[in-house]
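To start, the structure itself, in structure tokens.
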Amino acid sequence: MFRKRINISTSHEGEIIDITPKVAAAVRESRVQEGLVHLFVQHSTAALTTIEYEPGVLTDLARALSVLAPDNEDYAHNAKWGDGNGRSHVKAALVGPSLTVPITGGALGCGTWQQIVLLELDVNAGRERTIICTVTGE
Amino acid sequence: MFRKRINISTSHEGEIIDITPKVAAAVRESRVQEGLVHLFVQHSTAALTTIEYEPGVLTDLARALSVLAPDNEDYAHNAKWGDGNGRSHVKAALVGPSLTVPITGGALGCGTWQQIVLLELDVNAGRERTIICTVTGE
Amino acid sequence: MFRKRINISTSHEGEIIDITPKVAAAVRESRVQEGLVHLFVQHSTAALTTIEYEPGVLTDLARALSVLAPDNEDYAHNAKWGDGNGRSHVKAALVGPSLTVPITGGALGCGTWQQIVLLELDVNAGRERTIICTVTGE
């Protein structure tokens, strides 16, 4: 088992960051040829998924998440804590913090148009995010 | 590999249960120091995710799920089976039954404000839910 | 570690295919008795989840996904690329490409009413989809 922490500095709510190169580097460093890489973001206002990393798609994804958790909704979390990130928590819980990707031939088994992304969902910008990366296999 | 079944009694639709202590106990029992814990809920009207376990956020999450699957929608599942839990199936399929969390230093690698939760989504209350917990690592 | 590629031919947008028999066959072929099976769909307009495979529920799930990404929305992806599948990318990113299911007693640890499904979300029909299936355990 090989483990590495991937640290990402984010700048604004709704930022979507392509972390595929960093995950691919961790896989190479592990020297695993056939196996799995598990990713977990240790925060309740960020999430992980895969997407075609193209500006239009990223805009469309942000809009869809706003259907679930609109900006102008009255959030019970905000009423209680006053930090204004109720919508961030909701979006993150629905997308999820965890992703596992296969490794084949020493490389990530993603599709050609399929990148691994970190979603910065917090309204409070400029965060440091940690993703725990665990590689298993042979 | 260490395996344990976690059994949870639920009481009502929309209940969100913090299962972090039970998962942490299984991890301790496994004696794994560095590894992964996989969780899978064996039901099609329940789901697993992580969230800050704070009453406001839980209310906000329930509202967001109702945007996807409103209470007063006409569900094809209900029309066919008459059990009234069409919305429960839809929500569960979108949140998902599976979650993997890293283990670091013999403990769960969740963030400080990030708890592991079971979502009871069925309209028919008072269910016994089984989560299969699988620990791998060293 | 045992690995197998599952290839699925799809026919139309919104098609939901029960892949449980194919995954169960891969698990049997692996001879693993207690372990995990990881599934990953190598495409950005398809997704994996579990659901009760009943026609009513499948209709209800499709409707819920259309709340997130309506057919008649103006998608930035479509404006740029003209391939009309902006909604497909959004839905796939939210449901996710990855699923892990436990193996117990040599069989899949799904619930009785819980099937593993591939969601074909692309508007352009008739695709070949590849799912990488990885079995680990004892």
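Labels for the structure tokens follow display order: chains A, B, ..., residues from 1 in each chain, ligands from 1.
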
(message) Only residues of chain A matter here; which ones have an atom within 7 Å of chain B, counting only C-alpha atoms? Give them as a list in words.
(response) Phe40, Gln42, His43, Ser44, Leu68, Ala69, Tyr75, Ala76, His77, Lys80, Gly86, His89, Val90, Ala93, Leu94, Gly96 and Ser98 of chain A

Could you please write out, as a CSV table (one decimal) with N, CA and C atoms, in the first residue's frame, every residue of chain A that DSSP assigns to strand (DSSP E or B)?
chain,number,residue,atom,x,y,z
A,2,PHE,N,0.5,2.2,-0.9
A,2,PHE,CA,1.3,3.4,-1.0
A,2,PHE,C,0.3,4.6,-0.7
A,3,ARG,N,0.8,5.5,0.1
A,3,ARG,CA,-0.1,6.6,0.5
A,3,ARG,C,0.6,8.0,0.3
A,4,LYS,N,-0.2,8.9,-0.2
A,4,LYS,CA,0.4,10.3,-0.4
A,4,LYS,C,-0.8,11.3,-0.2
A,5,ARG,N,-0.4,12.4,0.4
A,5,ARG,CA,-1.3,13.5,0.6
A,5,ARG,C,-1.2,14.4,-0.6
A,6,ILE,N,-2.3,14.8,-1.2
A,6,ILE,CA,-2.3,15.8,-2.3
A,6,ILE,C,-2.9,17.1,-1.7
A,7,ASN,N,-2.1,18.1,-1.7
A,7,ASN,CA,-2.6,19.4,-1.1
A,7,ASN,C,-2.9,20.4,-2.3
A,8,ILE,N,-4.1,21.0,-2.2
A,8,ILE,CA,-4.6,21.9,-3.2
A,8,ILE,C,-5.0,23.2,-2.6
A,9,SER,N,-4.5,24.3,-3.1
A,9,SER,CA,-5.0,25.6,-2.7
A,9,SER,C,-6.1,26.1,-3.7
A,16,ILE,N,-13.4,24.4,-10.0
A,16,ILE,CA,-13.3,23.0,-10.3
A,16,ILE,C,-11.9,22.8,-10.8
A,17,ILE,N,-11.1,21.9,-10.1
A,17,ILE,CA,-9.7,21.8,-10.3
A,17,ILE,C,-9.4,20.4,-10.8
A,18,ASP,N,-8.7,20.3,-12.0
A,18,ASP,CA,-8.3,19.0,-12.5
A,18,ASP,C,-7.1,18.5,-11.8
A,35,GLY,N,-4.0,-2.1,-10.3
A,35,GLY,CA,-4.5,-1.9,-9.0
A,35,GLY,C,-5.6,-0.8,-8.9
A,36,LEU,N,-5.7,-0.2,-7.8
A,36,LEU,CA,-6.7,0.9,-7.6
A,36,LEU,C,-6.1,2.1,-6.9
A,37,VAL,N,-6.6,3.2,-7.2
A,37,VAL,CA,-6.2,4.4,-6.4
A,37,VAL,C,-7.5,5.0,-5.8
A,38,HIS,N,-7.4,5.1,-4.5
A,38,HIS,CA,-8.6,5.7,-3.8
A,38,HIS,C,-8.3,7.1,-3.4
A,39,LEU,N,-9.2,8.0,-3.5
A,39,LEU,CA,-9.1,9.4,-3.2
A,39,LEU,C,-10.2,9.8,-2.2
A,40,PHE,N,-9.8,10.6,-1.2
A,40,PHE,CA,-10.7,11.1,-0.2
A,40,PHE,C,-10.4,12.5,0.2
A,41,VAL,N,-11.4,13.4,0.0
A,41,VAL,CA,-11.1,14.8,0.4
A,41,VAL,C,-11.6,15.0,1.8
A,46,ALA,N,-16.2,20.3,0.2
A,46,ALA,CA,-15.5,20.1,-1.1
A,46,ALA,C,-15.9,18.6,-1.5
A,47,ALA,N,-15.7,18.3,-2.7
A,47,ALA,CA,-16.1,17.0,-3.2
A,47,ALA,C,-15.3,16.5,-4.4
A,48,LEU,N,-15.4,15.2,-4.7
A,48,LEU,CA,-14.6,14.7,-5.8
A,48,LEU,C,-15.5,14.0,-6.8
A,49,THR,N,-15.2,14.1,-8.1
A,49,THR,CA,-15.9,13.3,-9.1
A,49,THR,C,-15.1,13.3,-10.4
A,50,THR,N,-15.6,12.7,-11.4
A,50,THR,CA,-14.9,12.8,-12.7
A,50,THR,C,-15.8,13.6,-13.7
A,51,ILE,N,-15.2,14.3,-14.7
A,51,ILE,CA,-15.9,15.1,-15.6
A,51,ILE,C,-15.0,15.3,-16.8
A,98,SER,N,-15.4,10.8,-1.9
A,98,SER,CA,-14.6,9.6,-2.1
A,98,SER,C,-14.7,9.2,-3.6
A,99,LEU,N,-13.6,8.7,-4.1
A,99,LEU,CA,-13.6,8.2,-5.5
A,99,LEU,C,-12.5,7.2,-5.6
A,100,THR,N,-12.8,6.1,-6.3
A,100,THR,CA,-11.8,5.1,-6.6
A,100,THR,C,-11.7,4.9,-8.1
A,101,VAL,N,-10.4,4.9,-8.6
A,101,VAL,CA,-10.2,4.8,-10.0
A,101,VAL,C,-9.2,3.6,-10.2
A,102,PRO,N,-9.4,2.8,-11.3
A,102,PRO,CA,-8.5,1.7,-11.5
A,102,PRO,C,-7.2,2.1,-12.1
A,103,ILE,N,-6.1,1.3,-11.9
A,103,ILE,CA,-4.8,1.5,-12.5
A,103,ILE,C,-4.6,0.4,-13.4
A,104,THR,N,-4.3,0.7,-14.7
A,104,THR,CA,-4.0,-0.4,-15.6
A,104,THR,C,-2.7,0.0,-16.4
A,107,ALA,N,-0.9,3.1,-15.3
A,107,ALA,CA,-1.5,4.5,-15.5
A,107,ALA,C,-3.0,4.5,-15.0
A,108,LEU,N,-3.5,5.7,-14.9
A,108,LEU,CA,-4.9,5.8,-14.5
A,108,LEU,C,-5.8,5.2,-15.6
A,115,GLN,N,-11.7,13.4,-16.6
A,115,GLN,CA,-10.7,13.9,-15.7
A,115,GLN,C,-11.2,13.8,-14.3
A,116,ILE,N,-10.3,13.7,-13.3
A,116,ILE,CA,-10.6,13.6,-11.9
A,116,ILE,C,-10.6,15.0,-11.4
A,117,VAL,N,-11.7,15.5,-10.7
A,117,VAL,CA,-11.7,16.9,-10.3
A,117,VAL,C,-12.1,17.0,-8.8
A,118,LEU,N,-11.5,18.1,-8.3
A,118,LEU,CA,-11.9,18.5,-6.9
A,118,LEU,C,-12.8,19.7,-7.1
A,119,LEU,N,-14.0,19.6,-6.4
A,119,LEU,CA,-14.9,20.7,-6.4
A,119,LEU,C,-14.8,21.5,-5.1
A,120,GLU,N,-14.4,22.8,-5.3
A,120,GLU,CA,-14.3,23.7,-4.1
A,120,GLU,C,-15.7,24.3,-4.0
A,128,GLU,N,-7.1,25.7,1.9
A,128,GLU,CA,-6.1,24.6,1.6
A,128,GLU,C,-6.9,23.3,1.7
A,129,ARG,N,-6.9,22.5,0.7
A,129,ARG,CA,-7.7,21.2,0.7
A,129,ARG,C,-6.7,20.0,0.7
A,130,THR,N,-7.0,19.0,1.5
A,130,THR,CA,-6.1,17.8,1.5
A,130,THR,C,-6.9,16.6,1.0
A,131,ILE,N,-6.3,15.9,0.1
A,131,ILE,CA,-6.9,14.7,-0.5
A,131,ILE,C,-5.9,13.6,-0.1
A,132,ILE,N,-6.5,12.6,0.6
A,132,ILE,CA,-5.6,11.4,0.9
A,132,ILE,C,-5.7,10.4,-0.2
A,133,CYS,N,-4.6,10.1,-0.8
A,133,CYS,CA,-4.5,9.2,-1.9
A,133,CYS,C,-3.9,7.9,-1.5
A,134,THR,N,-4.6,6.8,-1.8
A,134,THR,CA,-4.2,5.5,-1.3
A,134,THR,C,-4.1,4.6,-2.6
A,135,VAL,N,-2.9,4.0,-2.8
A,135,VAL,CA,-2.7,3.1,-4.0
A,135,VAL,C,-2.5,1.7,-3.5
A,136,THR,N,-3.3,0.8,-4.1
A,136,THR,CA,-3.1,-0.6,-3.7
A,136,THR,C,-3.0,-1.4,-5.0
A,137,GLY,N,-2.4,-2.6,-5.0
A,137,GLY,CA,-2.2,-3.4,-6.2
A,137,GLY,C,-0.8,-4.0,-6.3

(request) Name the residues of chain A that fall into alpha helix (DSSP H) according to DSSP on the backbone, using the chain letters and numbers of this document, as number ranges by chain. (result) A: 20-30, 55-68, 76-81, 86-95

Any chance you could export the current selection's N, CA and C atoms as a compact mmCIF listing (two decimals), in the first residue's frame?
# COMPACT_ATOMS: atom_id res chain seq x y z
N THR A 20 -6.11 15.35 -12.03
CA THR A 20 -5.63 14.13 -12.71
C THR A 20 -4.10 14.07 -12.75
N PRO A 21 -3.39 15.15 -13.09
CA PRO A 21 -1.92 15.04 -13.15
C PRO A 21 -1.31 14.68 -11.79
N LYS A 22 -1.85 15.23 -10.72
CA LYS A 22 -1.30 14.93 -9.40
C LYS A 22 -1.59 13.48 -9.00
N VAL A 23 -2.78 12.99 -9.33
CA VAL A 23 -3.11 11.60 -9.02
C VAL A 23 -2.24 10.66 -9.87
N ALA A 24 -2.05 11.01 -11.14
CA ALA A 24 -1.21 10.18 -12.03
C ALA A 24 0.22 10.13 -11.50
N ALA A 25 0.71 11.26 -10.97
CA ALA A 25 2.08 11.29 -10.42
C ALA A 25 2.18 10.38 -9.20
N ALA A 26 1.16 10.39 -8.35
CA ALA A 26 1.16 9.51 -7.17
C ALA A 26 1.16 8.05 -7.60
N VAL A 27 0.40 7.73 -8.63
CA VAL A 27 0.35 6.35 -9.14
C VAL A 27 1.73 5.93 -9.67
N ARG A 28 2.37 6.81 -10.42
CA ARG A 28 3.72 6.49 -10.93
C ARG A 28 4.69 6.27 -9.77
N GLU A 29 4.60 7.16 -8.78
CA GLU A 29 5.51 7.06 -7.63
C GLU A 29 5.31 5.73 -6.89
N SER A 30 4.08 5.24 -6.89
CA SER A 30 3.77 3.99 -6.16
C SER A 30 4.34 2.76 -6.89
N PRO A 55 -14.43 24.07 -20.15
CA PRO A 55 -15.07 25.17 -19.44
C PRO A 55 -16.60 25.17 -19.49
N GLY A 56 -17.16 24.81 -20.65
CA GLY A 56 -18.62 24.79 -20.76
C GLY A 56 -19.24 23.80 -19.80
N VAL A 57 -18.72 22.60 -19.75
CA VAL A 57 -19.26 21.56 -18.86
C VAL A 57 -19.17 22.01 -17.40
N LEU A 58 -18.07 22.67 -17.06
CA LEU A 58 -17.88 23.09 -15.67
C LEU A 58 -18.94 24.13 -15.28
N THR A 59 -19.26 25.03 -16.20
CA THR A 59 -20.33 26.01 -15.98
C THR A 59 -21.67 25.30 -15.80
N ASP A 60 -21.91 24.32 -16.64
CA ASP A 60 -23.17 23.58 -16.59
C ASP A 60 -23.31 22.81 -15.27
N LEU A 61 -22.21 22.24 -14.80
CA LEU A 61 -22.25 21.50 -13.53
C LEU A 61 -22.58 22.44 -12.37
N ALA A 62 -21.96 23.62 -12.37
CA ALA A 62 -22.22 24.60 -11.31
C ALA A 62 -23.70 25.00 -11.29
N ARG A 63 -24.27 25.17 -12.47
CA ARG A 63 -25.69 25.52 -12.54
C ARG A 63 -26.56 24.40 -11.96
N ALA A 64 -26.24 23.16 -12.29
CA ALA A 64 -27.03 22.03 -11.80
C ALA A 64 -26.95 21.95 -10.27
N LEU A 65 -25.78 22.18 -9.73
CA LEU A 65 -25.64 22.14 -8.26
C LEU A 65 -26.46 23.25 -7.60
N SER A 66 -26.61 24.36 -8.31
CA SER A 66 -27.42 25.46 -7.77
C SER A 66 -28.91 25.17 -7.80
N VAL A 67 -29.32 24.24 -8.65
CA VAL A 67 -30.72 23.80 -8.60
C VAL A 67 -30.97 23.09 -7.27
N LEU A 68 -30.03 22.26 -6.88
CA LEU A 68 -30.14 21.53 -5.61
C LEU A 68 -30.06 22.46 -4.41
N ALA A 76 -30.86 26.51 7.08
CA ALA A 76 -30.90 26.35 8.53
C ALA A 76 -29.48 26.43 9.11
N HIS A 77 -28.51 25.91 8.38
CA HIS A 77 -27.12 25.97 8.84
C HIS A 77 -26.65 27.43 8.97
N ASN A 78 -27.02 28.25 8.00
CA ASN A 78 -26.61 29.66 8.04
C ASN A 78 -27.27 30.38 9.21
N ALA A 79 -28.56 30.07 9.42
CA ALA A 79 -29.29 30.71 10.53
C ALA A 79 -28.61 30.43 11.86
N LYS A 80 -28.08 29.22 11.98
CA LYS A 80 -27.48 28.82 13.25
C LYS A 80 -26.04 29.30 13.42
N TRP A 81 -25.26 29.21 12.36
CA TRP A 81 -23.82 29.46 12.48
C TRP A 81 -23.37 30.77 11.83
N GLY A 86 -24.15 27.11 4.02
CA GLY A 86 -25.14 26.02 4.02
C GLY A 86 -25.21 25.31 2.68
N ARG A 87 -25.24 26.10 1.61
CA ARG A 87 -25.33 25.48 0.28
C ARG A 87 -24.09 24.63 -0.03
N SER A 88 -22.95 25.02 0.51
CA SER A 88 -21.70 24.29 0.26
C SER A 88 -21.76 22.89 0.86
N HIS A 89 -22.27 22.80 2.08
CA HIS A 89 -22.38 21.51 2.74
C HIS A 89 -23.32 20.57 1.98
N VAL A 90 -24.44 21.12 1.54
CA VAL A 90 -25.44 20.30 0.85
C VAL A 90 -24.87 19.74 -0.46
N LYS A 91 -24.25 20.61 -1.24
CA LYS A 91 -23.68 20.16 -2.51
C LYS A 91 -22.60 19.09 -2.28
N ALA A 92 -21.74 19.33 -1.30
CA ALA A 92 -20.64 18.39 -1.04
C ALA A 92 -21.16 17.02 -0.62
N ALA A 93 -22.21 17.00 0.21
CA ALA A 93 -22.75 15.71 0.68
C ALA A 93 -23.36 14.93 -0.48
N LEU A 94 -23.93 15.64 -1.46
CA LEU A 94 -24.57 14.94 -2.58
C LEU A 94 -23.56 14.45 -3.62
N VAL A 95 -22.53 15.19 -3.87
CA VAL A 95 -21.50 14.73 -4.83
C VAL A 95 -20.62 13.67 -4.17

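Interatomic distance, CA of Met1 in chain A to CA of Ile19 in chain A: 20.7 Å.
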